[in-house]
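Undergrad: Data: final.txt, compact mmCIF, C-alpha atoms.
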```txt
# COMPACT_ATOMS: atom_id res chain seq x y z
CA MET A 1 71.37 91.93 66.92
CA ALA A 2 72.91 93.77 69.88
CA THR A 3 76.04 95.76 69.17
CA ALA A 4 79.23 94.88 71.01
CA PRO A 5 80.49 97.35 73.63
CA THR A 6 82.87 99.89 72.12
CA GLY A 7 85.93 101.53 73.56
CA PRO A 8 88.76 100.14 75.69
CA ALA A 9 88.27 97.16 77.97
CA TYR A 10 88.86 97.69 81.67
CA ASP A 11 90.37 95.13 83.98
CA VAL A 12 88.51 96.73 86.87
CA LEU A 13 85.65 99.21 87.25
CA VAL A 14 85.60 100.82 90.71
CA VAL A 15 82.26 102.30 91.74
CA GLY A 16 81.92 104.92 94.49
CA GLY A 17 84.10 106.02 97.36
CA ALA A 18 85.94 109.26 96.54
CA GLY A 19 86.51 111.91 99.19
CA VAL A 20 89.02 113.91 101.21
CA ASP A 21 90.60 113.07 104.59
CA THR A 22 91.72 115.70 107.06
CA ILE A 23 94.32 114.00 109.24
CA VAL A 24 95.13 115.18 112.75
CA LEU A 25 98.18 113.67 114.46
CA VAL A 26 97.64 113.08 118.21
CA ASP A 27 99.47 111.26 121.00
CA GLU A 28 96.57 108.90 121.66
CA LEU A 29 93.04 108.28 120.44
CA ALA A 30 91.41 110.08 123.36
CA VAL A 31 90.22 113.62 124.04
CA PRO A 32 92.47 115.16 126.74
CA SER A 33 91.25 117.37 129.54
CA GLY A 34 90.90 121.08 128.89
CA ASP A 35 89.78 122.72 125.67
CA PHE A 36 92.98 123.09 123.63
CA LEU A 37 95.79 120.90 122.33
CA GLY A 38 98.56 121.84 119.94
CA VAL A 39 99.17 119.28 117.17
CA PRO A 40 101.51 118.91 114.19
CA PRO A 41 100.36 120.43 110.87
CA ILE A 42 96.85 119.31 109.89
CA ARG A 43 96.73 118.21 106.24
CA ASP A 44 94.11 117.23 103.69
CA TYR A 45 94.54 114.17 101.49
CA VAL A 46 92.62 112.74 98.54
CA ALA A 47 91.16 109.62 100.13
CA HIS A 48 88.32 107.21 100.96
CA THR A 49 88.02 103.59 99.99
CA GLY A 50 87.11 103.81 96.29
CA ASN A 51 89.96 106.24 95.78
CA GLY A 52 92.43 103.85 97.43
CA VAL A 53 91.21 100.83 95.50
CA ALA A 54 91.19 102.63 92.14
CA LEU A 55 94.62 104.23 92.59
CA GLY A 56 95.98 100.96 94.00
CA PHE A 57 94.85 98.87 91.02
CA HIS A 58 96.09 101.59 88.66
CA ALA A 59 99.54 101.62 90.30
CA LEU A 60 99.73 97.82 89.98
CA GLY A 61 99.26 98.07 86.22
CA LEU A 62 95.61 97.07 85.85
CA ALA A 63 93.45 99.00 83.37
CA THR A 64 91.21 100.78 85.86
CA LYS A 65 88.11 102.96 85.53
CA PHE A 66 86.73 104.86 88.53
CA ILE A 67 83.27 106.45 88.74
CA ASP A 68 81.47 108.38 91.46
CA PHE A 69 79.57 111.51 92.41
CA LEU A 70 81.83 114.53 93.09
CA GLY A 71 81.16 118.00 94.43
CA ASP A 72 81.90 121.26 92.64
CA ASP A 73 84.00 122.46 95.55
CA PRO A 74 87.68 122.75 96.58
CA GLN A 75 87.75 119.11 97.67
CA GLY A 76 86.34 117.95 94.33
CA ARG A 77 88.90 119.99 92.44
CA MET A 78 91.66 118.56 94.64
CA ILE A 79 90.53 115.05 93.70
CA LEU A 80 90.38 115.84 89.97
CA ASP A 81 93.89 117.29 90.08
CA ARG A 82 95.24 114.18 91.81
CA TYR A 83 93.68 111.83 89.27
CA ALA A 84 94.88 113.89 86.34
CA ALA A 85 98.43 113.80 87.72
CA ALA A 86 98.23 110.03 88.32
CA GLY A 87 96.67 109.30 84.92
CA LEU A 88 93.66 107.58 86.52
CA ASP A 89 90.62 107.27 84.24
CA PHE A 90 87.84 108.91 86.29
CA SER A 91 84.31 110.00 85.39
CA HIS A 92 81.83 111.63 87.74
CA LEU A 93 78.38 113.13 88.14
CA PRO A 94 77.67 116.28 90.20
CA ALA A 95 77.22 115.61 93.91
CA PRO A 96 74.35 117.82 95.12
CA ALA A 97 75.67 118.09 98.68
CA GLY A 98 79.36 118.34 97.80
CA THR A 99 82.34 116.03 98.20
CA PRO A 100 82.39 113.61 101.18
CA ARG A 101 84.97 114.26 103.87
CA SER A 102 86.49 112.60 106.93
CA VAL A 103 88.47 113.87 109.90
CA ASN A 104 90.87 111.15 111.02
CA LEU A 105 92.82 111.11 114.26
CA VAL A 106 96.12 109.20 114.00
CA ASP A 107 98.08 108.32 117.14
CA ARG A 108 101.80 107.75 117.71
CA GLU A 109 101.52 104.07 116.72
CA GLY A 110 99.78 104.85 113.44
CA ARG A 111 96.32 103.74 114.59
CA ARG A 112 93.42 105.86 113.39
CA PHE A 113 89.86 106.81 114.27
CA SER A 114 87.73 108.36 111.56
CA PHE A 115 84.81 110.81 111.76
CA TYR A 116 83.11 110.23 108.40
CA ASP A 117 80.89 112.79 106.66
CA GLY A 118 79.25 110.87 103.80
CA ARG A 119 76.91 113.80 103.08
CA HIS A 120 75.27 112.35 99.94
CA PRO A 121 71.45 112.75 100.16
CA HIS A 122 69.36 109.73 101.06
CA GLY A 123 68.08 108.09 97.90
CA LEU A 124 70.89 109.34 95.65
CA ARG A 125 71.78 106.57 93.18
CA LEU A 126 74.08 106.28 90.18
CA PRO A 127 71.89 106.05 87.04
CA GLY A 128 72.26 103.05 84.77
CA SER A 129 72.74 105.30 81.77
CA PHE A 130 75.97 106.48 83.40
CA TYR A 131 77.55 103.24 84.58
CA LEU A 132 76.16 100.54 82.26
CA PRO A 133 78.32 101.38 79.20
CA LEU A 134 81.39 101.16 81.47
CA LEU A 135 80.26 98.01 83.28
CA GLU A 136 79.78 96.28 79.93
CA ARG A 137 83.45 96.93 79.11
CA ALA A 138 84.83 95.82 82.49
CA ARG A 139 86.01 92.34 83.38
CA HIS A 140 85.62 92.86 87.13
CA VAL A 141 83.80 95.45 89.24
CA HIS A 142 84.61 96.64 92.76
CA ILE A 143 81.58 98.23 94.44
CA SER A 144 82.38 100.45 97.39
CA ARG A 145 80.01 100.41 100.34
CA SER A 146 78.24 103.58 99.25
CA PRO A 147 74.41 103.55 99.02
CA HIS A 148 74.49 105.28 95.64
CA ALA A 149 76.47 102.33 94.20
CA GLU A 150 73.94 99.65 95.19
CA PRO A 151 72.11 99.43 91.80
CA VAL A 152 75.30 98.18 90.15
CA PHE A 153 75.02 94.76 91.84
CA ALA A 154 71.99 93.61 89.84
CA ASP A 155 73.50 94.68 86.52
CA ALA A 156 76.88 93.14 87.31
CA LEU A 157 75.16 89.83 88.09
CA ARG A 158 73.09 90.03 84.91
CA LEU A 159 76.21 90.67 82.81
CA GLY A 160 78.19 87.90 84.51
CA ARG A 161 80.83 90.17 86.03
CA THR A 162 82.70 89.16 89.16
CA VAL A 163 82.24 91.60 92.03
CA SER A 164 84.37 92.50 95.04
CA THR A 165 83.54 94.77 97.95
CA ASP A 166 84.86 95.93 101.32
CA LEU A 167 82.40 95.95 104.25
CA HIS A 168 84.90 97.74 106.50
CA ALA A 169 83.81 97.38 110.16
CA TRP A 170 80.46 95.68 109.52
CA ASP A 171 79.03 94.15 112.69
CA GLY A 172 77.25 91.29 110.91
CA GLU A 173 73.85 92.74 111.78
CA ASP A 174 73.38 96.14 110.11
CA ARG A 175 70.94 95.39 107.29
CA SER A 176 72.12 98.36 105.24
CA ALA A 177 75.20 96.30 104.30
CA HIS A 178 73.31 93.21 103.12
CA SER A 179 73.47 94.06 99.40
CA TRP A 180 77.24 94.25 99.68
CA ALA A 181 77.75 91.33 102.10
CA TYR A 182 75.54 88.95 100.15
CA GLY A 183 75.86 90.31 96.62
CA ALA A 184 79.64 90.17 96.05
CA ASP A 185 81.79 87.24 94.96
CA LEU A 186 84.84 88.42 96.94
CA VAL A 187 84.17 90.07 100.31
CA PHE A 188 86.68 91.91 102.48
CA LEU A 189 85.97 93.30 105.95
CA SER A 190 87.71 94.39 109.11
CA ALA A 191 87.65 92.29 112.28
CA ALA A 192 87.89 95.44 114.42
CA THR A 193 84.19 95.69 115.29
CA VAL A 194 83.27 92.01 115.28
CA GLY A 195 86.19 90.66 117.32
CA GLU A 196 85.72 87.04 118.41
CA ARG A 197 82.53 86.76 116.35
CA ILE A 198 84.43 87.10 113.07
CA PRO A 199 84.33 83.35 112.16
CA ALA A 200 80.54 83.35 112.58
CA VAL A 201 80.16 86.51 110.51
CA MET A 202 82.38 85.10 107.76
CA ARG A 203 80.26 81.91 107.74
CA GLN A 204 77.12 84.05 107.60
CA ILE A 205 78.39 85.86 104.49
CA LEU A 206 79.17 82.57 102.74
CA ASP A 207 75.93 80.86 103.74
CA GLN A 208 73.57 83.72 102.94
CA GLY A 209 75.31 85.27 99.93
CA ARG A 210 77.12 84.45 96.71
CA ALA A 211 80.68 84.95 97.96
CA ALA A 212 83.32 82.41 97.01
CA LEU A 213 85.82 83.93 99.44
CA VAL A 214 85.75 86.17 102.53
CA VAL A 215 88.81 87.92 103.98
CA ALA A 216 88.81 89.56 107.42
CA THR A 217 91.80 91.81 108.07
CA ASP A 218 92.94 92.49 111.63
CA GLY A 219 95.93 94.83 111.45
CA ALA A 220 99.04 93.56 113.19
CA ALA A 221 97.19 90.33 114.06
CA GLY A 222 97.12 89.37 110.38
CA CYS A 223 93.98 88.16 108.64
CA GLN A 224 91.52 85.30 108.41
CA VAL A 225 90.41 83.79 105.11
CA MET A 226 87.46 81.52 104.47
CA GLU A 227 86.44 80.00 101.14
CA ARG A 228 83.15 78.40 100.22
CA GLY A 229 83.30 74.81 101.42
CA ASP A 230 85.76 75.48 104.24
CA SER A 231 84.79 74.30 107.73
CA GLY A 232 86.23 77.46 109.25
CA PRO A 233 88.57 80.38 108.54
CA ARG A 234 92.33 80.05 108.14
CA HIS A 235 94.52 82.49 110.04
CA PHE A 236 97.52 84.11 108.36
CA PRO A 237 100.01 86.23 110.37
CA ALA A 238 100.90 89.74 109.32
CA VAL A 239 104.27 90.42 107.73
CA ALA A 240 106.80 92.57 109.52
CA PRO A 241 106.80 96.12 108.08
CA GLU A 242 110.03 97.06 106.36
CA ARG A 243 109.86 100.61 107.73
CA PRO A 244 108.36 102.28 110.82
CA VAL A 245 104.56 102.40 111.01
CA VAL A 246 103.40 106.02 110.94
CA ASP A 247 99.83 105.95 109.58
CA SER A 248 97.44 103.03 108.98
CA ASN A 249 95.05 105.06 106.81
CA GLY A 250 94.60 103.22 103.51
CA ALA A 251 96.21 99.95 104.64
CA GLY A 252 93.03 97.93 104.09
CA ASP A 253 92.64 99.22 100.54
CA ALA A 254 96.30 98.44 99.83
CA PHE A 255 95.80 94.89 101.13
CA LEU A 256 92.71 94.38 98.96
CA THR A 257 94.24 95.62 95.72
CA ALA A 258 97.41 93.56 96.04
CA PHE A 259 95.47 90.45 97.12
CA LEU A 260 93.15 90.72 94.10
CA HIS A 261 96.01 91.59 91.74
CA ALA A 262 97.63 88.29 92.73
CA ARG A 263 94.32 86.40 92.51
CA PHE A 264 93.61 87.77 89.03
CA SER A 265 96.97 86.34 87.92
CA GLY A 266 96.03 82.87 89.16
CA ALA A 267 98.23 82.89 92.27
CA ALA A 268 97.61 80.46 95.12
CA LEU A 269 95.65 81.70 98.12
CA GLU A 270 98.77 81.85 100.31
CA ASP A 271 100.51 84.05 97.75
CA CYS A 272 97.48 86.33 97.50
CA VAL A 273 97.48 86.81 101.26
CA LEU A 274 101.22 87.48 101.32
CA ALA A 275 100.92 90.07 98.55
CA GLY A 276 98.07 91.78 100.40
CA SER A 277 99.93 91.74 103.70
CA VAL A 278 103.09 93.18 102.16
CA SER A 279 101.12 95.93 100.44
CA GLY A 280 99.17 96.78 103.59
CA ALA A 281 102.36 97.00 105.63
CA HIS A 282 103.93 99.19 102.95
CA ALA A 283 100.99 101.61 103.13
CA CYS A 284 101.49 102.05 106.88
CA GLY A 285 105.00 103.40 106.33
CA SER A 286 103.97 106.71 104.77
CA PRO A 287 101.89 109.56 106.22
CA GLY A 288 98.48 110.40 104.79
CA THR A 289 95.93 108.30 102.95
CA HIS A 290 96.88 106.58 99.68
CA GLU A 291 99.81 108.95 99.21
CA GLU A 292 102.42 106.29 98.45
CA LEU A 293 101.13 103.48 96.23
CA ILE A 294 103.13 100.32 95.64
CA SER A 295 103.91 99.35 92.04
CA ALA A 296 103.79 95.81 90.71
CA ALA A 297 107.59 95.66 90.51
CA ALA A 298 108.03 96.98 94.07
CA LEU A 299 105.35 94.58 95.33
CA ALA A 300 107.03 91.60 93.68
CA ALA A 301 110.39 92.54 95.19
CA ALA A 302 108.89 93.06 98.66
CA VAL A 303 107.01 89.74 98.45
CA GLU A 304 110.27 87.99 97.54
CA ARG A 305 112.02 89.59 100.52
CA ALA A 306 109.15 88.37 102.71
CA GLY A 307 109.76 84.82 101.51
CA GLY A 308 107.18 84.41 98.76
CA ALA A 309 106.92 84.40 94.98
CA GLY A 310 104.52 87.01 93.71
CA PRO A 311 102.83 87.41 90.32
CA GLY A 312 104.42 89.09 87.33
CA PRO A 313 104.66 92.86 86.84
CA ALA A 314 101.04 93.21 85.72
CA ALA A 315 98.11 90.83 85.70
CA SER A 316 94.93 91.31 83.69
CA VAL A 317 91.68 90.12 85.22
CA ARG A 318 90.50 86.74 83.98
```
Write out the structure in this file as structure tokens.
TA:
Amino acid sequence: MATAPTGPAYDVLVVGGAGVDTIVLVDELAVPSGDFLGVPPIRDYVAHTGNGVALGFHALGLATKFIDFLGDDPQGRMILDRYAAAGLDFSHLPAPAGTPRSVNLVDREGRRFSFYDGRHPHGLRLPGSFYLPLLERARHVHISRSPHAEPVFADALRLGRTVSTDLHAWDGEDRSAHSWAYGADLVFLSAATVGERIPAVMRQILDQGRAALVVATDGAAGCQVMERGDSGPRHFPAVAPERPVVDSNGAGDAFLTAFLHARFSGAALEDCVLAGSVSGAHACGSPGTHEELISAAALAAAVERAGGAGPGPAASVR
């Protein structure tokens, strides 16, 4: 007889996506003439998508476990210090090429362009001996779009775990994203690259994969949501930010965590979208990436101000 998993149960296991952003504030997302431009102080932030999702779920009161590769370098130590201070449960394996980094340009309107240095060697994968004991104790798993996280899909399916992912700016064609696009139950992506083709790409994800729901975020234009069985996506407008927009880094992760937090509590689709939109707008009001995370109480209050009724202070995954 197999033994039952031991240790605490996790609402969410987040796999992959830790790194450091170097943010450069510029007037516009363009290289000016000449060879020099003075800018405000350039700062490093603990960042990347798995980081934002894990810290976001943790701030909303969900029991969260985060796993990844991490370098033995200043960036890795910066990440470990941040998680220790936040109380985030994080385990890692040594990253042979060091900690991933990004250099992000952010303009006066808070828009960003990212130069991403993933740096993990081709073929690097998380071993089952590392993640399986944690996956067995998790109710839901979020798999970041990192090649080393790909093996988790098959085991999550075998164990009956629900899976979410974020495709970011997938164009609907790059085959390297197929495991994520077609292997997750809940798929988020950005409409930035796809543009007018987004309804077709959302339909493609539903028709060729296992997703029950696809959400395409589009910044100030709001988002589109399509569920299995829908004839087409539904558009939802963005909410008005309650404070000036200074930096959109991390807004997509904030949207995802609040949306899923509401969904895990059994909220209606419209309330999930509103929670995500409020959280995403909140993230744009602070500089840096994932520096100011919304709590469940603050989210509920902001949702109420925006005209909705959010979930309770904390919602365990069902």
Undergrad: Counting all atoms listed in the file, what is within 8 Å of Arg263 in chain A, bar same-chain residues fewer than 5 positions away, as an NGL selection string?
TA: :A and (268-269 or 272)
Undergrad: Could you jot down the CA of Arg112 in chain A to CA of Ala177 in chain A separation for me, Å, one decimal place?
TA: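 Separating CA of Arg112 in chain A from CA of Ala177 in chain A is a distance of 22.5 Å.
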Undergrad: Could you pull the residues within 8 Å of range 88-97 of chain A, counting all atoms listed in the file, minus those fewer than 4 positions along the same chain, as a VMD selection string?
TA: chain A and resid 54 to 55 58 64 to 72 83 to 84 119 to 121
Undergrad: Residues at most 9 Å from range 29-45 of chain A, counting all atoms listed in the file, excluding those fewer than 5 positions away in the same chain, as a VMD selection string?
TA: chain A and resid 19 to 24 75 78 to 79 105 to 107 111 to 113 288 to 291
Undergrad: What is the CA of Pro287 in chain A-CA of Ala47 in chain A distance in Å, reported with one decimal?
TA: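 Between these atoms lies a distance of 12.3 Å.
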Undergrad: Could you check how far CA of Val215 in chain A sits from CA of Gly118 in chain A, in Å to one decimal?
TA: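 Answer for the CA of Val215 in chain A to CA of Gly118 in chain A separation: 24.9 Å.
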Undergrad: Neighbouring residues of range 131-134 of chain A were defined as those with any atom within 10 Å, considering only C-alpha atoms; residues of the same chain fewer than 4 positions away were excluded. Please report them as a list in words.
TA: Pro5, Thr6, Gly7, Pro8, Ala9, Tyr10, Val12, Leu13, Val15, Lys65, Phe66, Ile67, Asp68, Ser91, His92, Leu126, Pro127, Ala138, Val141, Ala149, Pro151, Val152, Asp155, Ala156 and Leu159 of chain A
Undergrad: Enumerate, in order of chain and increasing residue number, the residues of range 108-176 of chain A with an atom no farther than 10 Å from range 201-206 of chain A, each with its shortest atom pair and distance in Å to one decimal, counting all atoms listed in the file, as JSON lines.
TA:
```
{"residue": "A:Trp170", "atom": "CA", "partner": "A:Val201", "partner_atom": "CA", "distance": 9.2}
{"residue": "A:Asp171", "atom": "CA", "partner": "A:Val201", "partner_atom": "CA", "distance": 8.0}
{"residue": "A:Gly172", "atom": "CA", "partner": "A:Val201", "partner_atom": "CA", "distance": 5.6}
{"residue": "A:Glu173", "atom": "CA", "partner": "A:Val201", "partner_atom": "CA", "distance": 9.0}
```
Undergrad: For Leu189 in chain A, find every residue with an atom within 6 Å (counting only C-alpha atoms), except residues of its own chain fewer than 5 positions away, and show them as JSON, numbers by chain.
TA: {"A": [166, 167, 168, 216]}
Undergrad: Considering all atoms listed in the file, state which residue in the set A:Pro241, A:Gly266, A:Gly76, A:Gly17 is at the smallest distance from Gly280 in chain A.
TA: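 Closest candidate: A:Pro241.
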Undergrad: Restricting the calculation to all atoms listed in the file, which member of A:Ser277, A:Thr162, A:Asn51, A:Ser265 is positioned closest to Gly222 in chain A?
TA: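 Ranked by minimum distance to Gly222 in chain A, first place goes to A:Ser277.
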Undergrad: Which residue out of A:Asp230, A:Asp185, A:Glu109, A:Asp174 has the minimum interatomic distance to Ile143 in chain A when all atoms listed in the file are used?
TA: A:Asp185
